[in-house]
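Each remark here refers to the structure printed beneath this line.
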Amino acid sequence: MSSESGKVRIRVAGILIRGNRLLLIAHKKNNEVYWLLPGGGVDYGESLHEALRREFEEELNVAIDVKDLVLVSDSIDPSGKRHVVNICFLCNYLGGDFVLGEDKRLHDFKFFSTEELSDITIFPPINNELVDIIKGKIHGRYIGKLWR
């Protein structure tokens, strides 16, 4: 099944951990708040690392160093309207003041403890995998097809 546009969207995401707490960014759509790893789409001709650094700058006004690939998943809508490949990298904070970007979908950002991650809506639904990453249990793993 293909999407309406017939294309797969590539989304890079950054896993930034400070003091055993994971940075997530909230989006608000139709008065519903959900959480994502910071990141976004990859532009044609842009490397995955370049795209991720650009997204952190746009969404949070911070510079990062992109490290190891830790998680890959597909988000495929059963109706065939969307197919996103999520590619997640560990990141190190380099500098800048955390300030929410101007995109109207951006709602908030927060560093979450492992305990807090089980109680929030994250897209794709990788709450358990993120806990394992914080604990150092996952590295370079494809977790398959997810949709929620």
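Please note that chains go A, B, ... in the order of the structure tokens, that every chain numbers its residues from 1, and that ligands are numbered from 1 in the order shown.
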
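Residues lying within 7 Å of segment 126-135 of chain A, counting only C-alpha atoms and ignoring same-chain neighbours fewer than 3 positions away, are A:Asn20, A:Thr114, A:Leu117, A:Ser118, A:Ile122, A:Ile138.
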
Inset, instruction - Apply DSSP to the backbone of this structure and, from segment 15-49 of chain A, keep only the residues in strand (DSSP E); write these as a PyMOL selection string. - result: chain A and resi 15-18+21-29+32-36+39-41

Inset, instruction - For Arg11 of chain A, please output as a ChimeraX atom specification all residues within 9 Å (counting only C-alpha atoms; exclusion window: fewer than 4 positions along the same chain). - result: /A:39-42,48,51-52,84-88

Just all heavy atoms for this one: save the residues we selected as a compact mmCIF listing (two decimals), in the first residue's frame.
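The resulting part.txt:
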# COMPACT_ATOMS: atom_id res chain seq x y z
N GLY A 39 13.24 16.52 16.25
CA GLY A 39 13.69 16.12 14.93
C GLY A 39 12.67 16.47 13.88
O GLY A 39 11.74 17.23 14.12
N GLY A 40 12.85 15.90 12.69
CA GLY A 40 11.92 16.18 11.61
C GLY A 40 12.38 15.59 10.31
O GLY A 40 13.28 14.74 10.27
N GLY A 41 11.79 16.07 9.24
CA GLY A 41 12.05 15.53 7.91
C GLY A 41 13.43 15.88 7.37
O GLY A 41 14.02 16.89 7.74
N VAL A 42 13.88 15.03 6.49
CA VAL A 42 15.17 15.21 5.82
C VAL A 42 14.90 15.81 4.45
O VAL A 42 14.09 15.28 3.68
CB VAL A 42 15.90 13.85 5.68
CG1 VAL A 42 17.23 14.02 4.95
CG2 VAL A 42 16.11 13.21 7.04
N LEU A 48 21.54 12.83 7.02
CA LEU A 48 20.74 12.62 8.23
C LEU A 48 21.26 13.48 9.37
O LEU A 48 20.48 14.08 10.11
CB LEU A 48 20.76 11.14 8.62
CG LEU A 48 20.19 10.16 7.59
CD1 LEU A 48 20.34 8.73 8.09
CD2 LEU A 48 18.75 10.47 7.26
N ALA A 51 20.37 17.18 8.80
CA ALA A 51 18.94 17.40 9.05
C ALA A 51 18.66 17.46 10.55
O ALA A 51 17.90 18.32 11.01
CB ALA A 51 18.11 16.29 8.40
N LEU A 52 19.26 16.57 11.30
CA LEU A 52 19.00 16.54 12.74
C LEU A 52 19.56 17.79 13.43
O LEU A 52 18.89 18.38 14.28
CB LEU A 52 19.58 15.27 13.36
CG LEU A 52 19.18 15.00 14.80
CD1 LEU A 52 17.67 15.05 15.00
CD2 LEU A 52 19.73 13.65 15.24
N VAL A 84 6.20 6.69 7.50
CA VAL A 84 7.35 7.44 7.99
C VAL A 84 8.39 6.44 8.51
O VAL A 84 8.05 5.54 9.28
CB VAL A 84 6.95 8.39 9.15
CG1 VAL A 84 8.15 9.17 9.65
CG2 VAL A 84 5.84 9.34 8.71
N VAL A 85 9.63 6.60 8.08
CA VAL A 85 10.74 5.84 8.64
C VAL A 85 11.41 6.75 9.66
O VAL A 85 11.85 7.85 9.33
CB VAL A 85 11.75 5.41 7.55
CG1 VAL A 85 12.94 4.71 8.19
CG2 VAL A 85 11.07 4.50 6.54
N ASN A 86 11.42 6.31 10.92
CA ASN A 86 11.99 7.07 12.02
C ASN A 86 13.40 6.56 12.31
O ASN A 86 13.58 5.38 12.61
CB ASN A 86 11.13 6.89 13.28
CG ASN A 86 9.71 7.35 13.05
OD1 ASN A 86 9.43 8.52 12.97
ND2 ASN A 86 8.80 6.40 12.93
N ILE A 87 14.38 7.45 12.22
CA ILE A 87 15.78 7.10 12.43
C ILE A 87 16.28 7.93 13.61
O ILE A 87 16.34 9.16 13.53
CB ILE A 87 16.61 7.37 11.18
CG1 ILE A 87 16.01 6.62 9.98
CG2 ILE A 87 18.07 6.98 11.40
CD1 ILE A 87 16.64 6.98 8.65
N CYS A 88 16.62 7.25 14.71
CA CYS A 88 16.95 7.93 15.97
C CYS A 88 18.44 7.80 16.31
O CYS A 88 18.97 6.68 16.32
CB CYS A 88 16.12 7.36 17.11
SG CYS A 88 14.34 7.38 16.81

Inset, instruction - Fewer than 3 positions away in the same chain doesn't count, so skip those; otherwise give me all residues within 12 Å of Lys28 of chain A, counting only C-alpha atoms, as a ChimeraX atom specification. - result: /A:25,31-36,103-109,121

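Atom CA of Arg82 of chain A to atom CA of Asp43 of chain A spans 17.3 Å [interatomic distance, one decimal].
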
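The nearest approach to Lys67 of chain A among the residues A:Leu146, A:Leu37, A:Asn92, A:Leu23, with only C-alpha atoms taken into account, belongs to A:Asn92.
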
Legend entry - Picked from chain A by DSSP as alpha helix (DSSP H), as a ChimeraX atom specification: /A:48-60,114-117,127-134

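The space separating atom CA of Phe56 of chain A from atom CA of Ser73 of chain A comes to 20.3 Å.
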